[in-house]
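Peer 1: Provided below: final21.pdb, containing PDB, C-alpha atoms.
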```pdb
ATOM      1  CA  MET A 297    -178.856 -62.620 -74.603
ATOM      2  CA  THR A 298    -176.404 -63.698 -71.925
ATOM      3  CA  VAL A 299    -173.812 -66.437 -71.758
ATOM      4  CA  THR A 300    -172.169 -68.143 -68.815
ATOM      5  CA  VAL A 301    -168.401 -67.774 -68.532
ATOM      6  CA  PHE A 302    -166.171 -70.037 -66.466
ATOM      7  CA  MET A 303    -162.605 -69.183 -65.484
ATOM      8  CA  THR A 304    -160.224 -69.353 -62.576
ATOM      9  CA  VAL A 305    -159.591 -65.990 -60.915
ATOM     10  CA  ASN A 306    -156.865 -65.710 -58.305
ATOM     11  CA  GLY A 307    -156.844 -69.484 -57.918
ATOM     12  CA  LYS A 308    -160.606 -69.816 -57.445
ATOM     13  CA  ALA A 309    -163.047 -71.259 -59.986
ATOM     14  CA  VAL A 310    -165.688 -68.662 -60.855
ATOM     15  CA  SER A 311    -168.536 -68.288 -63.290
ATOM     16  CA  GLY A 312    -171.024 -65.634 -64.188
ATOM     17  CA  GLU A 313    -173.717 -64.587 -66.592
ATOM     18  CA  VAL A 314    -172.574 -61.865 -68.993
ATOM     19  CA  GLU A 315    -173.571 -60.312 -72.259
ATOM     20  CA  PRO A 316    -171.143 -61.430 -74.978
ATOM     21  CA  ARG A 317    -169.818 -57.844 -75.243
ATOM     22  CA  THR A 318    -168.933 -57.570 -71.526
ATOM     23  CA  LEU A 319    -165.337 -56.540 -71.019
ATOM     24  CA  LEU A 320    -163.170 -58.620 -68.707
ATOM     25  CA  VAL A 321    -162.570 -55.576 -66.494
ATOM     26  CA  GLN A 322    -166.341 -55.161 -66.089
ATOM     27  CA  PHE A 323    -166.757 -58.833 -65.209
ATOM     28  CA  LEU A 324    -163.993 -58.650 -62.602
ATOM     29  CA  ARG A 325    -165.263 -55.438 -61.026
ATOM     30  CA  ASP A 326    -169.045 -55.769 -61.384
ATOM     31  CA  ASN A 327    -169.639 -59.517 -61.208
ATOM     32  CA  LEU A 328    -166.809 -60.566 -58.900
ATOM     33  CA  GLY A 329    -166.354 -57.380 -56.842
ATOM     34  CA  LEU A 330    -162.602 -57.296 -57.565
ATOM     35  CA  THR A 331    -162.236 -53.533 -57.763
ATOM     36  CA  GLY A 332    -158.431 -53.427 -57.557
ATOM     37  CA  THR A 333    -158.352 -53.591 -61.344
ATOM     38  CA  HIS A 334    -158.996 -49.993 -62.368
ATOM     39  CA  VAL A 335    -160.542 -48.401 -65.438
ATOM     40  CA  GLY A 336    -158.531 -45.298 -66.161
ATOM     41  CA  CYS A 337    -159.041 -44.259 -69.755
ATOM     42  CA  ASP A 338    -161.558 -46.446 -71.612
ATOM     43  CA  THR A 339    -159.162 -46.392 -74.582
ATOM     44  CA  SER A 340    -156.603 -49.065 -73.545
ATOM     45  CA  GLN A 341    -153.796 -46.526 -73.267
ATOM     46  CA  CYS A 342    -153.229 -46.156 -69.511
ATOM     47  CA  GLY A 343    -152.626 -49.721 -68.286
ATOM     48  CA  ALA A 344    -154.519 -49.301 -64.993
ATOM     49  CA  CYS A 345    -156.569 -52.388 -65.885
ATOM     50  CA  VAL A 346    -153.694 -54.846 -66.429
ATOM     51  CA  VAL A 347    -154.306 -58.401 -65.226
ATOM     52  CA  HIS A 348    -152.596 -61.666 -66.081
ATOM     53  CA  ILE A 349    -154.343 -64.169 -68.308
ATOM     54  CA  ASP A 350    -152.511 -67.487 -68.266
ATOM     55  CA  GLY A 351    -149.445 -65.645 -66.944
ATOM     56  CA  GLU A 352    -149.350 -62.864 -69.527
ATOM     57  CA  SER A 353    -150.132 -59.198 -68.945
ATOM     58  CA  VAL A 354    -153.338 -58.123 -70.672
ATOM     59  CA  LYS A 355    -155.243 -54.865 -70.556
ATOM     60  CA  SER A 356    -158.572 -56.167 -69.308
ATOM     61  CA  CYS A 357    -160.419 -53.259 -70.921
ATOM     62  CA  THR A 358    -159.476 -54.711 -74.313
ATOM     63  CA  ALA A 359    -160.481 -58.312 -73.617
ATOM     64  CA  LEU A 360    -163.982 -59.678 -73.493
ATOM     65  CA  ALA A 361    -164.933 -61.825 -70.526
ATOM     66  CA  VAL A 362    -165.822 -64.634 -72.944
ATOM     67  CA  GLN A 363    -162.249 -64.553 -74.275
ATOM     68  CA  ALA A 364    -161.031 -65.562 -70.801
ATOM     69  CA  GLU A 365    -163.228 -68.672 -70.834
ATOM     70  CA  GLY A 366    -161.292 -71.490 -69.179
ATOM     71  CA  ALA A 367    -158.284 -69.269 -68.467
ATOM     72  CA  GLU A 368    -156.313 -68.562 -65.309
ATOM     73  CA  VAL A 369    -156.797 -64.883 -64.488
ATOM     74  CA  ALA A 370    -154.756 -63.126 -61.814
ATOM     75  CA  THR A 371    -155.620 -59.686 -60.474
ATOM     76  CA  ILE A 372    -153.823 -57.445 -58.010
ATOM     77  CA  GLU A 373    -155.970 -58.958 -55.243
ATOM     78  CA  GLY A 374    -154.456 -62.369 -55.952
ATOM     79  CA  LEU A 375    -150.784 -61.426 -55.622
ATOM     80  CA  ALA A 376    -150.544 -61.334 -51.826
ATOM     81  CA  LYS A 377    -150.580 -64.760 -50.193
ATOM     82  CA  ASP A 378    -151.797 -65.390 -46.645
ATOM     83  CA  GLY A 379    -151.596 -61.690 -45.801
ATOM     84  CA  VAL A 380    -148.017 -61.353 -47.066
ATOM     85  CA  LEU A 381    -147.440 -58.912 -49.897
ATOM     86  CA  HIS A 382    -145.947 -60.202 -53.134
ATOM     87  CA  PRO A 383    -142.285 -59.101 -53.443
ATOM     88  CA  MET A 384    -143.238 -56.576 -56.151
ATOM     89  CA  GLN A 385    -145.997 -55.095 -53.982
ATOM     90  CA  GLU A 386    -143.552 -54.852 -51.085
ATOM     91  CA  ALA A 387    -140.969 -53.188 -53.337
ATOM     92  CA  PHE A 388    -143.520 -50.554 -54.407
ATOM     93  CA  ARG A 389    -144.333 -49.906 -50.743
ATOM     94  CA  GLU A 390    -140.700 -49.754 -49.644
ATOM     95  CA  ASN A 391    -139.527 -47.557 -52.526
ATOM     96  CA  HIS A 392    -142.510 -45.172 -52.646
ATOM     97  CA  GLY A 393    -143.473 -46.332 -56.129
ATOM     98  CA  LEU A 394    -146.918 -44.807 -55.894
ATOM     99  CA  GLN A 395    -148.559 -41.523 -55.166
ATOM    100  CA  CYS A 396    -152.314 -41.465 -55.695
ATOM    101  CA  GLY A 397    -152.233 -45.241 -56.286
ATOM    102  CA  PHE A 398    -154.648 -45.311 -59.193
ATOM    103  CA  CYS A 399    -152.128 -46.707 -61.693
ATOM    104  CA  THR A 400    -150.394 -48.917 -59.127
ATOM    105  CA  PRO A 401    -152.345 -52.173 -59.644
ATOM    106  CA  GLY A 402    -151.673 -52.097 -63.376
ATOM    107  CA  MET A 403    -148.042 -51.079 -62.844
ATOM    108  CA  VAL A 404    -147.481 -53.923 -60.374
ATOM    109  CA  MET A 405    -149.163 -56.517 -62.576
ATOM    110  CA  SER A 406    -147.188 -55.360 -65.627
ATOM    111  CA  ALA A 407    -143.968 -55.330 -63.605
ATOM    112  CA  VAL A 408    -144.443 -58.882 -62.304
ATOM    113  CA  GLU A 409    -144.558 -60.275 -65.822
ATOM    114  CA  LEU A 410    -141.885 -57.885 -67.132
ATOM    115  CA  VAL A 411    -139.236 -58.967 -64.625
ATOM    116  CA  ARG A 412    -140.121 -62.645 -64.272
ATOM    117  CA  GLY A 413    -136.830 -64.512 -64.580
ATOM    118  CA  ARG A 414    -134.912 -61.261 -65.090
ATOM    119  CA  PRO A 415    -133.420 -60.214 -61.729
ATOM    120  CA  ASP A 416    -130.850 -57.959 -63.438
ATOM    121  CA  ILE A 417    -133.256 -56.111 -65.742
ATOM    122  CA  SER A 418    -131.923 -52.671 -66.666
ATOM    123  CA  GLU A 419    -133.592 -49.361 -65.971
ATOM    124  CA  GLN A 420    -134.008 -48.801 -69.715
ATOM    125  CA  GLU A 421    -135.643 -52.221 -70.165
ATOM    126  CA  ILE A 422    -138.056 -51.372 -67.335
ATOM    127  CA  ARG A 423    -138.890 -47.998 -68.854
ATOM    128  CA  ASP A 424    -139.426 -49.599 -72.273
ATOM    129  CA  GLY A 425    -141.534 -52.376 -70.728
ATOM    130  CA  LEU A 426    -143.801 -49.864 -69.017
ATOM    131  CA  GLU A 427    -144.582 -48.065 -72.250
ATOM    132  CA  GLY A 428    -148.273 -49.019 -72.060
ATOM    133  CA  ASN A 429    -148.699 -47.866 -68.440
ATOM    134  CA  ILE A 430    -149.304 -44.232 -67.567
ATOM    135  CA  CYS A 431    -148.812 -42.560 -64.204
ATOM    136  CA  ARG A 432    -150.093 -39.017 -64.044
ATOM    137  CA  CYS A 433    -148.508 -38.238 -60.648
ATOM    138  CA  THR A 434    -144.837 -39.221 -60.814
ATOM    139  CA  GLY A 435    -141.785 -38.896 -62.984
ATOM    140  CA  TYR A 436    -141.523 -42.706 -62.899
ATOM    141  CA  HIS A 437    -138.216 -42.612 -60.989
ATOM    142  CA  ASN A 438    -139.593 -44.378 -57.896
ATOM    143  CA  ILE A 439    -141.683 -46.735 -60.022
ATOM    144  CA  VAL A 440    -138.562 -47.874 -61.895
ATOM    145  CA  LYS A 441    -136.648 -48.102 -58.592
ATOM    146  CA  SER A 442    -139.480 -50.204 -57.150
ATOM    147  CA  ILE A 443    -139.545 -52.558 -60.121
ATOM    148  CA  LYS A 444    -135.771 -53.003 -60.006
ATOM    149  CA  ALA A 445    -136.015 -53.867 -56.271
ATOM    150  CA  GLY A 446    -139.013 -56.104 -56.931
ATOM    151  CA  ALA A 447    -137.122 -57.999 -59.635
ATOM    152  CA  ALA A 448    -134.288 -58.737 -57.220
ATOM    153  CA  ALA A 449    -136.721 -59.747 -54.458
ATOM    154  CA  MET A 450    -138.687 -62.020 -56.792
ATOM    155  CA  ALA A 451    -135.472 -63.795 -57.711
ATOM    156  CA  THR A 452    -134.826 -64.658 -54.063
ATOM    157  CA  LYS A 453    -138.395 -65.002 -52.694
ATOM    158  CA  GLY A 454    -140.243 -66.352 -55.722
TER     159      GLY A 454
END
```
Written as structure tokens, how would this file's structure read?

Peer 2:
Amino acid sequence: MTVTVFMTVNGKAVSGEVEPRTLLVQFLRDNLGLTGTHVGCDTSQCGACVVHIDGESVKSCTALAVQAEGAEVATIEGLAKDGVLHPMQEAFRENHGLQCGFCTPGMVMSAVELVRGRPDISEQEIRDGLEGNICRCTGYHNIVKSIKAGAAAMATKG
């Protein structure tokens, strides 16, 4: 049995036929071809699959596609506008906040919500806020530096 789901993804109305047990991450990757949202652990511990649902960070491997019915979903592909990186994406690029890049989409999406309206967020608050995101390559120093820079840039650029 399949059902049709309707939602807005990155500002565009979309729909698709899914089994009721289809995970949101599967819908995004397999049905919509949005492969920037990664599946890293299959246990909801790594955070590589973070997207925003109605503005809130959600691990898309823990949400069913049918649970996003009617919602606004934003993925890493939707952050850049007209070829210009989002301030957080630019901060990660400028501050070398990535190595292999596998965790980066989830880190960026988590960071955008974490710092929204908080341009002076502390390093400790960033580290605490990233608790559900795992990077296997870095010591997090440049990730935290990137998020701090991104927070300041978001405050001035939106």

Peer 1: Written as a PyMOL selection string, which residues does the PyMOL selection byres ((chain A and resi 358-374) around 6) give for the file shown?

Peer 2: chain A and resi 301-306+318-320+347-350+355-357+375-376+401

Peer 1: Quick one: distance from CA of Lys453 in chain A to CA of Gly413 in chain A in Å, one decimal?

Peer 2: 12.0 Å

Peer 1: In Å, rounded to a single decimal, give me how far CA of Gln395 in chain A is from CA of Cys345 in chain A.

Peer 2: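 Interatomic distance here is 17.2 Å.
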
Peer 1: Of the candidates A:Gly343, A:Gly307, A:Gly329, A:Gly312, which shows the shortest atom-to-atom distance to Leu426 in chain A, using all atoms listed in the file?

Peer 2: A:Gly343

Peer 1: Can you pull out every residue within 6 Å of range 381-392 of chain A, counting only C-alpha atoms, but drop anything in the same chain fewer than 6 positions away, and send it as number ranges by chain?

Peer 2: A: 375, 442, 445-446, 449-450

Peer 1: Of the residues A:Leu330, A:Glu427, A:Arg432, A:Val408, which is the one nearest to Lys444 in chain A, using all atoms listed in the file?

Peer 2: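 Distance minimum relative to Lys444 in chain A lands on A:Val408.
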
Peer 1: Between CA of Asp338 in chain A and CA of Gln322 in chain A, measure the distance and give it in Å to one decimal.

Peer 2: 11.4 Å

Peer 1: From the options A:Gly351, A:Arg317, A:Thr331, A:Ser311, which residue's atoms come nearest to Arg412 in chain A, counting only C-alpha atoms?

Peer 2: A:Gly351

Peer 1: Go through A:Arg414, A:Met403, A:Thr452, A:Gly336 one by one, measure the shortest atom-to-atom distance of each to Val440 in chain A using only C-alpha atoms, and give the residue with the smallest value.

Peer 2: A:Met403

Peer 1: Taking the file as shown, what set of residues would the PyMOL selection byres ((chain A and resi 297) around 7) give back, as a list in words?

Peer 2: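 This file gives the following for the PyMOL selection byres ((chain A and resi 297) around 7): Thr298, Val299 and Glu315 of chain A.
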
Peer 1: Determine, counting all atoms listed in the file, every residue of protein, DNA or RNA that lies within 7 Å of (-149.9, -42.4, -59.6) in the file coordinates, then give the result as a PDB file with C-alpha atoms, in the coordinates of the input.

Peer 2:
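New file result-v9.pdb:
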```
ATOM      1  CA  LEU A 394    -146.918 -44.807 -55.894  1.00  0.00           C
ATOM      2  CA  GLN A 395    -148.559 -41.523 -55.166  1.00  0.00           C
ATOM      3  CA  CYS A 396    -152.314 -41.465 -55.695  1.00  0.00           C
ATOM      4  CA  GLY A 397    -152.233 -45.241 -56.286  1.00  0.00           C
ATOM      5  CA  PHE A 398    -154.648 -45.311 -59.193  1.00  0.00           C
ATOM      6  CA  CYS A 399    -152.128 -46.707 -61.693  1.00  0.00           C
ATOM      7  CA  THR A 400    -150.394 -48.917 -59.127  1.00  0.00           C
ATOM      8  CA  CYS A 431    -148.812 -42.560 -64.204  1.00  0.00           C
ATOM      9  CA  ARG A 432    -150.093 -39.017 -64.044  1.00  0.00           C
ATOM     10  CA  CYS A 433    -148.508 -38.238 -60.648  1.00  0.00           C
ATOM     11  CA  THR A 434    -144.837 -39.221 -60.814  1.00  0.00           C
TER      12      THR A 434
END
```

Peer 1: Just need range 379-452 of chain A in a file, please: C-alpha atoms, as an mmCIF file, in the first residue's frame.

Peer 2:
```
data_model
loop_
_atom_site.group_PDB
_atom_site.id
_atom_site.type_symbol
_atom_site.label_atom_id
_atom_site.label_comp_id
_atom_site.auth_asym_id
_atom_site.auth_seq_id
_atom_site.Cartn_x
_atom_site.Cartn_y
_atom_site.Cartn_z
ATOM 1 C CA GLY A 379 24.187 30.782 -6.396
ATOM 2 C CA VAL A 380 25.241 32.610 -3.223
ATOM 3 C CA LEU A 381 26.138 30.460 -0.244
ATOM 4 C CA HIS A 382 24.193 30.912 2.978
ATOM 5 C CA PRO A 383 26.328 32.761 5.574
ATOM 6 C CA MET A 384 26.770 29.526 7.564
ATOM 7 C CA GLN A 385 27.904 27.622 4.465
ATOM 8 C CA GLU A 386 30.344 30.422 3.671
ATOM 9 C CA ALA A 387 31.641 30.379 7.252
ATOM 10 C CA PHE A 388 32.309 26.625 7.022
ATOM 11 C CA ARG A 389 34.189 27.198 3.760
ATOM 12 C CA GLU A 390 36.189 30.149 5.071
ATOM 13 C CA ASN A 391 37.093 28.540 8.403
ATOM 14 C CA HIS A 392 37.830 25.014 7.126
ATOM 15 C CA GLY A 393 34.946 23.546 9.108
ATOM 16 C CA LEU A 394 34.974 20.327 7.135
ATOM 17 C CA GLN A 395 37.330 17.596 6.134
ATOM 18 C CA CYS A 396 35.712 14.675 4.336
ATOM 19 C CA GLY A 397 32.431 16.634 4.222
ATOM 20 C CA PHE A 398 30.137 13.753 5.072
ATOM 21 C CA CYS A 399 28.830 15.301 8.303
ATOM 22 C CA THR A 400 28.875 18.853 6.942
ATOM 23 C CA PRO A 401 25.275 19.103 5.652
ATOM 24 C CA GLY A 402 23.894 17.991 9.005
ATOM 25 C CA MET A 403 26.333 20.213 10.905
ATOM 26 C CA VAL A 404 25.378 23.252 8.819
ATOM 27 C CA MET A 405 21.648 22.619 9.128
ATOM 28 C CA SER A 406 21.942 22.100 12.895
ATOM 29 C CA ALA A 407 24.107 25.209 13.214
ATOM 30 C CA VAL A 408 21.656 27.430 11.317
ATOM 31 C CA GLU A 409 18.890 26.682 13.791
ATOM 32 C CA LEU A 410 21.233 26.680 16.804
ATOM 33 C CA VAL A 411 22.506 30.217 16.218
ATOM 34 C CA ARG A 412 19.368 31.825 14.805
ATOM 35 C CA GLY A 413 18.971 35.097 16.687
ATOM 36 C CA ARG A 414 22.086 34.401 18.765
ATOM 37 C CA PRO A 415 25.024 36.260 17.173
ATOM 38 C CA ASP A 416 27.039 36.096 20.419
ATOM 39 C CA ILE A 417 26.568 32.381 21.116
ATOM 40 C CA SER A 418 29.425 30.989 23.205
ATOM 41 C CA GLU A 419 31.775 28.210 22.218
ATOM 42 C CA GLN A 420 30.366 26.044 25.015
ATOM 43 C CA GLU A 421 26.785 26.640 23.834
ATOM 44 C CA ILE A 422 27.842 25.615 20.314
ATOM 45 C CA ARG A 423 29.553 22.475 21.578
ATOM 46 C CA ASP A 424 26.504 21.587 23.690
ATOM 47 C CA GLY A 425 24.170 22.308 20.761
ATOM 48 C CA LEU A 426 26.113 19.977 18.486
ATOM 49 C CA GLU A 427 25.796 17.060 20.871
ATOM 50 C CA GLY A 428 23.715 15.058 18.376
ATOM 51 C CA ASN A 429 26.128 15.600 15.461
ATOM 52 C CA ILE A 430 29.223 13.466 15.018
ATOM 53 C CA CYS A 431 32.287 14.260 12.936
ATOM 54 C CA ARG A 432 34.729 11.402 12.639
ATOM 55 C CA CYS A 433 37.503 13.493 11.031
ATOM 56 C CA THR A 434 38.028 16.592 13.174
ATOM 57 C CA GLY A 435 38.460 17.676 16.747
ATOM 58 C CA TYR A 436 35.527 20.064 16.202
ATOM 59 C CA HIS A 437 37.726 23.152 16.672
ATOM 60 C CA ASN A 438 37.188 24.460 13.125
ATOM 61 C CA ILE A 439 33.529 23.433 13.170
ATOM 62 C CA VAL A 440 32.943 25.522 16.307
ATOM 63 C CA LYS A 441 34.987 28.381 14.800
ATOM 64 C CA SER A 442 32.875 28.161 11.637
ATOM 65 C CA ILE A 443 29.602 28.221 13.548
ATOM 66 C CA LYS A 444 30.728 31.204 15.621
ATOM 67 C CA ALA A 445 31.638 33.070 12.388
ATOM 68 C CA GLY A 446 28.397 31.937 10.761
ATOM 69 C CA ALA A 447 26.358 33.238 13.697
ATOM 70 C CA ALA A 448 27.937 36.672 13.351
ATOM 71 C CA ALA A 449 27.456 36.662 9.565
ATOM 72 C CA MET A 450 23.817 35.590 9.861
ATOM 73 C CA ALA A 451 23.188 38.502 12.196
ATOM 74 C CA THR A 452 24.397 40.964 9.560
#
```
